[in-house]
Structures are given as structure tokens and as C-alpha cells.
$ cat coords23.cif   # mmCIF, C-alpha atoms and all ligand atoms
data_entry
#
loop_
_atom_site.group_PDB
_atom_site.id
_atom_site.type_symbol
_atom_site.label_atom_id
_atom_site.label_comp_id
_atom_site.auth_asym_id
_atom_site.auth_seq_id
_atom_site.Cartn_x
_atom_site.Cartn_y
_atom_site.Cartn_z
ATOM 1 C CA MET A 786 70.318 237.923 55.814
ATOM 2 C CA ASP A 787 67.743 238.762 58.496
ATOM 3 C CA LEU A 788 64.598 239.497 56.512
ATOM 4 C CA LYS A 789 62.657 240.295 59.671
ATOM 5 C CA GLN A 790 65.140 243.020 60.601
ATOM 6 C CA ILE A 791 65.149 244.375 57.060
ATOM 7 C CA SER A 792 61.357 244.647 57.004
ATOM 8 C CA LYS A 793 61.441 246.442 60.374
ATOM 9 C CA ASN A 794 63.971 248.933 59.018
ATOM 10 C CA ILE A 795 61.770 249.528 55.983
ATOM 11 C CA ARG A 796 58.698 250.040 58.177
ATOM 12 C CA LYS A 797 60.616 252.539 60.320
ATOM 13 C CA SER A 798 61.652 254.480 57.233
ATOM 14 C CA ILE A 799 58.042 254.540 56.010
ATOM 15 C CA VAL A 800 56.603 256.039 59.194
ATOM 16 C CA LYS A 801 59.424 258.571 59.423
ATOM 17 C CA MET A 802 58.923 259.634 55.809
ATOM 18 C CA ASN A 803 55.172 260.003 56.152
ATOM 19 C CA ALA A 804 55.485 261.895 59.446
ATOM 20 C CA LYS A 805 58.090 264.295 58.067
ATOM 21 C CA SER A 806 56.096 265.140 54.949
ATOM 22 C CA SER A 807 52.624 265.001 56.571
ATOM 23 C CA ALA A 808 51.748 262.520 53.848
ATOM 24 C CA SER A 809 48.860 260.049 53.705
ATOM 25 C CA HIS A 810 49.018 256.339 52.917
ATOM 26 C CA SER A 811 51.061 255.002 55.841
ATOM 27 C CA GLY A 812 48.677 252.025 56.156
ATOM 28 C CA THR A 813 48.836 251.410 52.406
ATOM 29 C CA ALA A 814 52.620 251.226 52.492
ATOM 30 C CA LEU A 815 52.930 249.091 55.619
ATOM 31 C CA SER A 816 50.803 246.224 54.257
ATOM 32 C CA THR A 817 53.228 245.657 51.365
ATOM 33 C CA VAL A 818 56.530 245.519 53.253
ATOM 34 C CA ASP A 819 57.075 241.800 53.849
ATOM 35 C CA ILE A 820 56.399 241.002 50.197
ATOM 36 C CA LEU A 821 58.693 243.790 48.979
ATOM 37 C CA THR A 822 61.404 242.570 51.346
ATOM 38 C CA MET A 823 61.204 239.035 49.983
ATOM 39 C CA LEU A 824 61.201 240.227 46.378
ATOM 40 C CA TYR A 825 64.115 242.650 46.637
ATOM 41 C CA PHE A 826 66.275 240.769 49.136
ATOM 42 C CA LYS A 827 65.805 237.156 48.068
ATOM 43 C CA VAL A 828 63.691 236.375 45.028
ATOM 44 C CA MET A 829 64.278 238.870 42.242
ATOM 45 C CA ASN A 830 67.172 238.593 39.872
ATOM 46 C CA ILE A 831 68.622 242.106 40.064
ATOM 47 C CA ASP A 832 72.164 243.399 39.852
ATOM 48 C CA LEU A 833 72.921 246.669 41.617
ATOM 49 C CA ASN A 834 76.110 247.047 39.568
ATOM 50 C CA ASN A 835 73.979 246.971 36.461
ATOM 51 C CA PRO A 836 70.452 247.934 37.542
ATOM 52 C CA THR A 837 69.090 248.438 34.032
ATOM 53 C CA LEU A 838 70.332 245.118 32.626
ATOM 54 C CA LYS A 839 67.827 243.943 30.038
ATOM 55 C CA SER A 840 67.497 240.506 31.594
ATOM 56 C CA ARG A 841 66.606 241.791 35.095
ATOM 57 C CA ASP A 842 63.399 240.843 36.858
ATOM 58 C CA LYS A 843 61.004 243.747 37.230
ATOM 59 C CA PHE A 844 58.612 244.845 39.936
ATOM 60 C CA ILE A 845 55.733 247.255 39.429
ATOM 61 C CA LEU A 846 53.933 248.819 42.378
ATOM 62 C CA SER A 847 50.646 249.490 40.630
ATOM 63 C CA LYS A 848 49.113 250.912 43.836
ATOM 64 C CA GLY A 849 51.494 253.861 43.459
ATOM 65 C CA HIS A 850 50.084 255.743 46.456
ATOM 66 C CA GLY A 851 52.107 253.255 48.532
ATOM 67 C CA SER A 852 55.270 254.843 47.107
ATOM 68 C CA SER A 853 56.942 255.307 50.500
ATOM 69 C CA ALA A 854 57.187 251.502 50.810
ATOM 70 C CA LEU A 855 58.962 251.086 47.492
ATOM 71 C CA TYR A 856 61.316 254.031 48.101
ATOM 72 C CA ALA A 857 62.211 252.725 51.561
ATOM 73 C CA THR A 858 62.852 249.237 50.134
ATOM 74 C CA LEU A 859 64.994 250.523 47.268
ATOM 75 C CA ALA A 860 67.054 252.624 49.678
ATOM 76 C CA GLU A 861 67.460 249.711 52.085
ATOM 77 C CA ARG A 862 68.615 247.553 49.145
ATOM 78 C CA GLY A 863 71.126 250.176 48.046
ATOM 79 C CA TYR A 864 69.612 251.675 44.886
ATOM 80 C CA PHE A 865 70.179 255.136 46.360
ATOM 81 C CA ALA A 866 71.336 256.760 49.599
ATOM 82 C CA LYS A 867 68.958 256.566 52.542
ATOM 83 C CA GLU A 868 69.363 260.336 53.049
ATOM 84 C CA LEU A 869 67.208 260.818 49.941
ATOM 85 C CA LEU A 870 64.236 259.454 51.892
ATOM 86 C CA ASP A 871 64.208 262.778 53.771
ATOM 87 C CA GLY A 872 63.151 264.351 50.486
ATOM 88 C CA PHE A 873 59.925 262.342 50.197
ATOM 89 C CA TYR A 874 56.906 264.441 49.259
ATOM 90 C CA VAL A 875 58.442 267.749 50.409
ATOM 91 C CA ASP A 876 59.332 270.899 48.521
ATOM 92 C CA GLY A 877 62.739 270.487 46.924
ATOM 93 C CA GLY A 878 62.818 266.758 47.677
ATOM 94 C CA LYS A 879 63.795 264.175 45.082
ATOM 95 C CA LEU A 880 61.103 261.547 45.815
ATOM 96 C CA PRO A 881 57.653 262.447 44.476
ATOM 97 C CA GLY A 882 54.487 261.480 46.364
ATOM 98 C CA HIS A 883 53.483 259.056 43.644
ATOM 99 C CA LEU A 884 55.942 256.910 41.715
ATOM 100 C CA ASP A 885 57.904 258.443 38.875
ATOM 101 C CA LYS A 886 60.220 256.137 36.960
ATOM 102 C CA ASP A 887 62.242 259.028 35.556
ATOM 103 C CA ALA A 888 62.901 260.582 38.962
ATOM 104 C CA VAL A 889 63.985 257.659 41.120
ATOM 105 C CA PRO A 890 66.516 254.870 40.428
ATOM 106 C CA GLY A 891 64.950 251.409 40.589
ATOM 107 C CA VAL A 892 61.365 252.523 39.962
ATOM 108 C CA GLU A 893 60.322 250.649 36.817
ATOM 109 C CA VAL A 894 56.937 252.263 36.156
ATOM 110 C CA SER A 895 55.266 255.545 37.085
ATOM 111 C CA SER A 896 52.017 254.888 38.931
ATOM 112 C CA GLY A 897 49.440 256.494 41.161
ATOM 113 C CA SER A 898 46.540 256.570 38.775
ATOM 114 C CA LEU A 899 45.196 253.147 39.687
ATOM 115 C CA GLY A 900 44.430 250.382 37.215
ATOM 116 C CA HIS A 901 47.378 250.555 34.834
ATOM 117 C CA GLY A 902 50.250 248.586 36.360
ATOM 118 C CA LEU A 903 49.041 245.133 35.437
ATOM 119 C CA SER A 904 48.557 246.092 31.771
ATOM 120 C CA ILE A 905 52.088 247.501 31.689
ATOM 121 C CA GLY A 906 53.388 244.331 33.352
ATOM 122 C CA VAL A 907 51.583 242.227 30.753
ATOM 123 C CA GLY A 908 53.353 244.199 28.036
ATOM 124 C CA MET A 909 56.741 243.701 29.703
ATOM 125 C CA ALA A 910 56.151 239.969 30.150
ATOM 126 C CA LEU A 911 55.106 239.641 26.518
ATOM 127 C CA ALA A 912 58.214 241.558 25.417
ATOM 128 C CA ASN A 913 60.375 239.193 27.478
ATOM 129 C CA LYS A 914 58.818 236.251 25.628
ATOM 130 C CA ILE A 915 59.430 237.859 22.257
ATOM 131 C CA ASP A 916 63.048 238.603 23.215
ATOM 132 C CA ASN A 917 63.545 235.074 24.599
ATOM 133 C CA LEU A 918 64.443 236.504 28.005
ATOM 134 C CA ASN A 919 63.991 234.270 30.992
ATOM 135 C CA SER A 920 62.982 237.194 33.256
ATOM 136 C CA GLN A 921 60.060 237.570 35.592
ATOM 137 C CA VAL A 922 57.641 240.452 35.954
ATOM 138 C CA TYR A 923 55.899 241.011 39.299
ATOM 139 C CA VAL A 924 53.003 243.438 39.693
ATOM 140 C CA MET A 925 51.410 244.375 42.993
ATOM 141 C CA CYS A 926 47.836 245.668 42.874
ATOM 142 C CA GLY A 927 45.625 246.864 45.703
ATOM 143 C CA ASP A 928 42.366 245.051 46.371
ATOM 144 C CA GLY A 929 40.450 248.292 45.845
ATOM 145 C CA GLU A 930 42.406 248.745 42.631
ATOM 146 C CA LEU A 931 40.769 245.575 41.336
ATOM 147 C CA ASN A 932 37.552 247.595 41.125
ATOM 148 C CA GLU A 933 39.083 249.170 37.989
ATOM 149 C CA GLY A 934 37.830 247.510 34.784
ATOM 150 C CA SER A 935 41.184 247.939 33.047
ATOM 151 C CA VAL A 936 42.750 245.455 35.490
ATOM 152 C CA TRP A 937 40.349 242.774 34.281
ATOM 153 C CA GLU A 938 41.293 243.368 30.644
ATOM 154 C CA ALA A 939 44.876 242.559 31.595
ATOM 155 C CA ILE A 940 43.669 239.552 33.605
ATOM 156 C CA MET A 941 41.953 238.273 30.430
ATOM 157 C CA PHE A 942 44.899 238.987 28.169
ATOM 158 C CA ALA A 943 47.733 237.388 30.195
ATOM 159 C CA PRO A 944 46.583 233.743 29.917
ATOM 160 C CA HIS A 945 45.664 234.300 26.280
ATOM 161 C CA LYS A 946 49.381 234.914 25.668
ATOM 162 C CA ASN A 947 50.521 232.165 28.080
ATOM 163 C CA LEU A 948 52.416 234.666 30.225
ATOM 164 C CA ASP A 949 53.857 232.190 32.718
ATOM 165 C CA ASN A 950 56.562 234.800 33.435
ATOM 166 C CA LEU A 951 54.039 237.184 35.022
ATOM 167 C CA THR A 952 52.971 237.279 38.665
ATOM 168 C CA MET A 953 50.204 239.490 39.966
ATOM 169 C CA ILE A 954 50.234 239.996 43.731
ATOM 170 C CA VAL A 955 46.971 241.241 45.187
ATOM 171 C CA ASP A 956 47.658 243.120 48.414
ATOM 172 C CA TYR A 957 44.370 242.008 49.947
ATOM 173 C CA ASN A 958 44.225 244.210 53.041
ATOM 174 C CA LYS A 959 40.391 244.400 52.806
ATOM 175 C CA LEU A 960 40.329 248.206 53.025
ATOM 176 C CA GLN A 961 40.467 250.890 50.365
ATOM 177 C CA GLY A 962 40.101 254.674 50.137
ATOM 178 C CA TYR A 963 36.456 255.004 51.137
ATOM 179 C CA GLY A 964 35.710 251.917 53.168
ATOM 180 C CA LYS A 965 35.901 248.151 53.214
ATOM 181 C CA THR A 966 36.536 246.446 49.901
ATOM 182 C CA ASN A 967 33.680 243.996 50.413
ATOM 183 C CA GLU A 968 31.296 246.910 50.952
ATOM 184 C CA VAL A 969 32.470 249.113 48.051
ATOM 185 C CA ILE A 970 32.602 246.402 45.360
ATOM 186 C CA ASN A 971 32.989 242.920 46.757
ATOM 187 C CA LEU A 972 35.737 240.943 44.985
ATOM 188 C CA GLU A 973 34.649 237.574 46.325
ATOM 189 C CA PRO A 974 34.936 234.839 45.340
ATOM 190 C CA LEU A 975 38.278 236.245 44.130
ATOM 191 C CA HIS A 976 40.181 232.942 44.020
ATOM 192 C CA GLU A 977 37.523 231.294 41.862
ATOM 193 C CA LYS A 978 37.219 234.353 39.620
ATOM 194 C CA LEU A 979 40.943 234.463 38.849
ATOM 195 C CA LYS A 980 41.027 230.698 38.365
ATOM 196 C CA SER A 981 38.158 230.927 35.899
ATOM 197 C CA PHE A 982 40.190 233.484 33.919
ATOM 198 C CA ASN A 983 42.821 230.709 33.663
ATOM 199 C CA TRP A 984 45.365 231.980 36.185
ATOM 200 C CA GLU A 985 47.236 229.789 38.641
ATOM 201 C CA VAL A 986 46.012 231.098 41.991
ATOM 202 C CA ILE A 987 47.794 230.835 45.334
ATOM 203 C CA GLU A 988 46.499 232.281 48.606
ATOM 204 C CA ILE A 989 48.918 233.220 51.339
ATOM 205 C CA ASN A 990 49.401 235.158 54.528
ATOM 206 C CA GLY A 991 51.206 238.197 53.084
ATOM 207 C CA HIS A 992 53.223 238.666 56.275
ATOM 208 C CA ASN A 993 54.615 235.123 56.497
ATOM 209 C CA PHE A 994 58.028 235.003 54.812
ATOM 210 C CA GLN A 995 57.932 231.262 54.143
ATOM 211 C CA GLU A 996 54.522 231.412 52.478
ATOM 212 C CA ILE A 997 55.550 234.506 50.489
ATOM 213 C CA GLU A 998 58.744 232.867 49.230
ATOM 214 C CA GLU A 999 57.121 229.564 48.300
ATOM 215 C CA ALA A 1000 54.401 231.347 46.352
ATOM 216 C CA LEU A 1001 56.819 233.652 44.543
ATOM 217 C CA ILE A 1002 59.228 230.926 43.445
ATOM 218 C CA LYS A 1003 56.625 228.324 42.490
ATOM 219 C CA LYS A 1004 56.955 227.513 38.789
ATOM 220 C CA THR A 1005 53.675 227.477 36.871
ATOM 221 C CA ASN A 1006 52.700 227.118 33.246
ATOM 222 C CA LYS A 1007 50.165 229.952 33.491
ATOM 223 C CA PRO A 1008 50.230 233.532 34.742
ATOM 224 C CA LYS A 1009 50.280 233.400 38.528
ATOM 225 C CA ALA A 1010 48.068 235.338 40.919
ATOM 226 C CA ILE A 1011 49.088 235.500 44.549
ATOM 227 C CA ILE A 1012 46.235 236.596 46.767
ATOM 228 C CA ALA A 1013 48.165 237.915 49.746
ATOM 229 C CA HIS A 1014 46.036 238.393 52.841
ATOM 230 C CA THR A 1015 47.570 241.394 54.543
ATOM 231 C CA ILE A 1016 46.854 243.929 57.253
ATOM 232 C CA LYS A 1017 46.677 247.585 56.364
ATOM 233 C CA GLY A 1018 49.069 249.371 58.736
ATOM 234 C CA LYS A 1019 50.889 246.137 59.635
ATOM 235 C CA GLY A 1020 53.548 246.577 62.327
ATOM 236 C CA VAL A 1021 52.219 249.706 64.034
ATOM 237 C CA SER A 1022 49.533 248.743 66.563
ATOM 238 C CA TYR A 1023 47.369 251.844 66.322
ATOM 239 C CA MET A 1024 47.379 251.767 62.515
ATOM 240 C CA GLU A 1025 46.534 248.093 61.960
ATOM 241 C CA ASN A 1026 43.177 247.636 60.218
ATOM 242 C CA GLU A 1027 42.304 251.272 60.944
ATOM 243 C CA PHE A 1028 40.845 252.801 57.845
ATOM 244 C CA ILE A 1029 41.762 256.377 58.875
ATOM 245 C CA TRP A 1030 45.494 255.637 58.298
ATOM 246 C CA HIS A 1031 44.814 255.704 54.586
ATOM 247 C CA TYR A 1032 44.756 259.473 55.116
ATOM 248 C CA LYS A 1033 46.343 260.480 58.397
ATOM 249 C CA SER A 1034 49.963 261.308 58.972
ATOM 250 C CA PRO A 1035 51.647 260.377 62.274
ATOM 251 C CA SER A 1036 52.132 263.177 64.829
ATOM 252 C CA LYS A 1037 55.466 263.488 66.671
ATOM 253 C CA GLU A 1038 54.183 261.347 69.566
ATOM 254 C CA GLN A 1039 52.647 258.771 67.211
ATOM 255 C CA LEU A 1040 55.909 258.565 65.285
ATOM 256 C CA GLU A 1041 57.831 257.947 68.511
ATOM 257 C CA GLN A 1042 55.425 255.168 69.503
ATOM 258 C CA ALA A 1043 55.692 253.566 66.049
ATOM 259 C CA ILE A 1044 59.493 253.615 66.199
ATOM 260 C CA ARG A 1045 59.415 252.090 69.702
ATOM 261 C CA GLU A 1046 57.144 249.292 68.510
ATOM 262 C CA LEU A 1047 59.315 248.586 65.483
ATOM 263 C CA SER A 1048 62.580 248.599 67.436
HETATM 264 C C1 LIG A 1101 42.246 255.944 38.738
HETATM 265 C C2 LIG A 1101 42.239 256.346 40.186
HETATM 266 N N1 LIG A 1101 41.064 256.547 40.810
HETATM 267 C C3 LIG A 1101 41.028 256.928 42.115
HETATM 268 C C4 LIG A 1101 42.210 257.113 42.801
HETATM 269 C C5 LIG A 1101 42.161 257.596 44.248
HETATM 270 N N2 LIG A 1101 42.580 256.562 45.183
HETATM 271 C C6 LIG A 1101 43.815 256.611 45.757
HETATM 272 S S1 LIG A 1101 44.075 255.335 46.784
HETATM 273 C C7 LIG A 1101 42.552 254.689 46.492
HETATM 274 C C8 LIG A 1101 42.117 253.420 47.160
HETATM 275 C C9 LIG A 1101 42.940 252.256 46.760
HETATM 276 O O1 LIG A 1101 42.625 251.122 47.525
HETATM 277 P P1 LIG A 1101 43.518 249.841 47.438
HETATM 278 O O2 LIG A 1101 43.856 249.554 46.028
HETATM 279 O O3 LIG A 1101 42.797 248.779 48.178
HETATM 280 O O4 LIG A 1101 44.869 250.249 48.154
HETATM 281 P P2 LIG A 1101 45.239 250.277 49.715
HETATM 282 O O5 LIG A 1101 45.602 251.687 50.013
HETATM 283 O O6 LIG A 1101 44.047 249.820 50.528
HETATM 284 O O7 LIG A 1101 46.363 249.343 49.869
HETATM 285 C C10 LIG A 1101 41.845 255.481 45.589
HETATM 286 C C11 LIG A 1101 40.484 255.197 45.107
HETATM 287 C C12 LIG A 1101 43.421 256.895 42.105
HETATM 288 N N3 LIG A 1101 44.610 257.048 42.702
HETATM 289 N N4 LIG A 1101 43.420 256.498 40.804
#

$ encode --input "coords23.cif" --output "C-alpha cells"
Amino acid sequence: MDLKQISKNIRKSIVKMNAKSSASHSGTALSTVDILTMLYFKVMNIDLNNPTLKSRDKFILSKGHGSSALYATLAERGYFAKELLDGFYVDGGKLPGHLDKDAVPGVEVSSGSLGHGLSIGVGMALANKIDNLNSQVYVMCGDGELNEGSVWEAIMFAPHKNLDNLTMIVDYNKLQGYGKTNEVINLEPLHEKLKSFNWEVIEINGHNFQEIEEALIKKTNKPKAIIAHTIKGKGVSYMENEFIWHYKSPSKEQLEQAIRELS
């Protein structure tokens, strides 16, 4: 399986979807892609013949405004037909702008209001323990999302319940909705903070497949936090690290350039 090719396909779908619907959040979606690719194509225990099997691993995209990335990944993996991606965020379409678990196959949790995904993941991981299920729960949060106090309640609770079946991935792209994360509310020293809350903390380059895989499969006896250093807009030169692509939608010419670069 060529993970590099898969992630390129997903990135192409994302820019097409956002261009077609004039939607925001292209940069948001693009920073997550290599991690989503590794989860859905190599690491997670999922069965497309039985996608709601109780013992499946679960992924929650808590930064639900990056929905186009999860939809594109689920379609690439075969949860639904790729044609459905044309109905992203448009009248009559089947894929809502923010994630809705009741509308789209494979979406585990509705999100978009930031700050809730980790608490839901904690609940799922705790339920797996109670049910003696050997399943993993993965939650991806944005760095700006970590400004929400509710996230830190979940960060306190997970080690209290020894949730070694829970992984939080921080998509640390250093930008958020209104500026740079270190200027809005600085998270640093994030590694030390999470460690002091009794999490196992691993820092990686969130675009390096080997580092992503090693971090995801590493067994720990505590909840695991992966601080993934990423680039907002990764893969499309004019979007990389450019704050404005939190909001802008690619024009026809910009879409063509993006597709050329990703081909
Ligand atoms: C509770 C809540 N408050 C505010 C917003 C508006 N909002 C949407 S995206 C965003 C910034 C998120 O930044 P980050 O988590 O770093 O995600 P990124 O897009 O940079 O990956 C904000 C504040 C929201 N969706 N939910």
C-alpha cells in the first residue's frame, strides 16, 4: 500500500471539495492528512464489512471544522462512494460542513463545537475497559482547541482512570482561527504540561509516516499524547503556514495549481 499516494489523493479531494463548496478550513484539513492516512490505512482495527463492530478502534476528529479531511479519508478507504464528496457543504449534499455522526458512515462523533471530543473519547475508552474490550480510541484535537478548559478536564480524568487505551493527537500546526497559537494563549511548555498530568508524551513530525506509525503503535501503561508538529495547509505551497487559508476557499486557478502540485 502506497501511503504517500493515498495521502496525495486525500489532499486532492480536500481542495476540490473546498473549492466546489466555497468552504473555509482547507489549511485545517490539510495538516491532518498524513496522520489520518496512517490511522485508517494501517493502524486502526476496522472492518469495512462490519463497520459498527463493537470491538472496532475508534477515531474522533474533535477539530470538526476539518471535516473535509475525514470525509475524504473515509471515502478513500471505502466507507462510502467518492461521488458523495461532491455533496460536501452544498445545498442538497449529504456531507455537512461540520461532522455529523448520524449523517455520514464512519463518523463516530459529531463535532465542530470545539472542546468536546476528548471528553467523549475518554468516555469511550472507559466503556471499553468496563466491557473488557481490547480496542483503542484515538482523538485528534487542534492546538487552538487546547485553549478550551473542558479539554483539560478530560486530560486530568484520563490518567485517573488509567486509560492506556486512549491516544490524544494534538495537531500542532501553530495557527488557529485568529492568529498564532503562541500569541493567543501559549500552550508551551506543552510536553511538560501533559507529562505533569501523568500522560505518556511523544513528540513527532506529523508528516513523517515512520514517526507517526511508531508513535501510534507504541504500547504504554498510561494515556498517550502525541504532539504532532504539523504544517497548516501542508502539500499546497501557497497555503502552507498561511493563516488566511483558515478562511479562504481556492479559486478555479488556485485549485488547478493545487492539483498540479499534488499530482
Ligand atoms: C466552542 C467553539 N468556539 C469557537 C469556535 C470557532 N472556531 C472554529 S475553528 C477555530 C480555531 C481552531 O484552531 P485549531 O484548534 O488550532 O485548529 P486548526 O484549524 O488550526 O487546525 C475556532 C476558534 C468553535 N468552532 N467552537

$ residues_near_ligand --input "coords23.cif" --ligand "ligand LIG 1101 (chain A)" --cutoff "10 Å" --atoms "only C-alpha atoms and all ligand atoms" --output "NGL selection string"
:A and (809-817 or 847-851 or 883 or 896-901 or 925-933 or 935 or 955-966 or 1015-1018 or 1026 or 1028 or 1030-1032)

$ closest_atom_pairs --input "coords23.cif" --of "stretch 967-1025 of chain A" --to "stretch 788-794 of chain A" --cutoff "12 Å" --atoms "only C-alpha atoms" --output "Markdown table"
| residue | atom | partner | partner_atom | distance |
| --- | --- | --- | --- | --- |
| A:His992 | CA | A:Ser792 | CA | 10.1 |
| A:Asn993 | CA | A:Lys789 | CA | 10.1 |
| A:Phe994 | CA | A:Leu788 | CA | 8.1 |
| A:Gln995 | CA | A:Leu788 | CA | 10.9 |
| A:Ile997 | CA | A:Leu788 | CA | 12.0 |
| A:Glu998 | CA | A:Leu788 | CA | 11.5 |
| A:Lys1019 | CA | A:Lys793 | CA | 10.6 |
| A:Gly1020 | CA | A:Lys793 | CA | 8.1 |
| A:Val1021 | CA | A:Lys793 | CA | 10.4 |

$ atom_distance --input "coords23.cif" --atom1 "atom CA of A:Leu951" --atom2 "atom CA of A:Val818"
20.2 Å

$ residues_around --input "coords23.cif" --residues "A:Phe865" --least-positions-apart "3" --cutoff "12 Å" --atoms "only C-alpha atoms" --output "VMD selection string"
chain A and resid 833 836 855 to 862 868 to 870 879 to 880 888 to 892

$ closest_residue --input "coords23.cif" --among "A:Lys827, A:Arg796, A:His976, A:Lys1037" --to "A:His1014" --atoms "all atoms listed in the file"
A:His976

$ closest_residue --input "coords23.cif" --among "A:Gln1039, A:Ser852, A:Ala1010, A:Tyr825" --to "A:Ser981" --atoms "only C-alpha atoms"
A:Ala1010

$ resolve_selection --input "coords23.cif" --expression "the PyMOL selection byres (((chain A and resi 941) around 10) and not hetatm)" --output "list in words"
Val936, Trp937, Glu938, Ala939, Ile940, Phe942, Ala943, Pro944, His945, Lys946, Leu979, Ser981, Phe982, Asn983 and Trp984 of chain A

$ atom_distance --input "coords23.cif" --atom1 "atom CA of A:Ser895" --atom2 "atom CA of A:Gly991"
23.9 Å

$ residues_near_point --input "coords23.cif" --point "(55.4, 263.4, 61.8)" --cutoff "7 Å" --atoms "all atoms listed in the file" --output "list in words"
Lys801, Asn803, Ala804, Lys805, Ser807, Ser1034, Pro1035, Ser1036, Lys1037 and Leu1040 of chain A

$ atom_distance --input "coords23.cif" --atom1 "atom CA of A:Tyr1023" --atom2 "atom CA of A:Phe873"
23.0 Å

$ resolve_selection --input "coords23.cif" --expression "the PyMOL selection byres (((chain A and resi 824) around 10) and not hetatm)" --output "number ranges by chain"
A: 818-823, 825-831, 842-844, 858, 923, 997-998, 1001-1002

$ closest_atom_pairs --input "coords23.cif" --of "stretch 946-1028 of chain A" --to "stretch 918-921 of chain A" --cutoff "9 Å" --atoms "all atoms listed in the file" --output "tab-separated table"
residue	atom	partner	partner_atom	distance
A:Asp949	CA	A:Gln921	CA	8.7
A:Asn950	CA	A:Gln921	CA	5.0
A:Leu951	CA	A:Gln921	CA	6.1
A:Thr952	CA	A:Gln921	CA	7.7
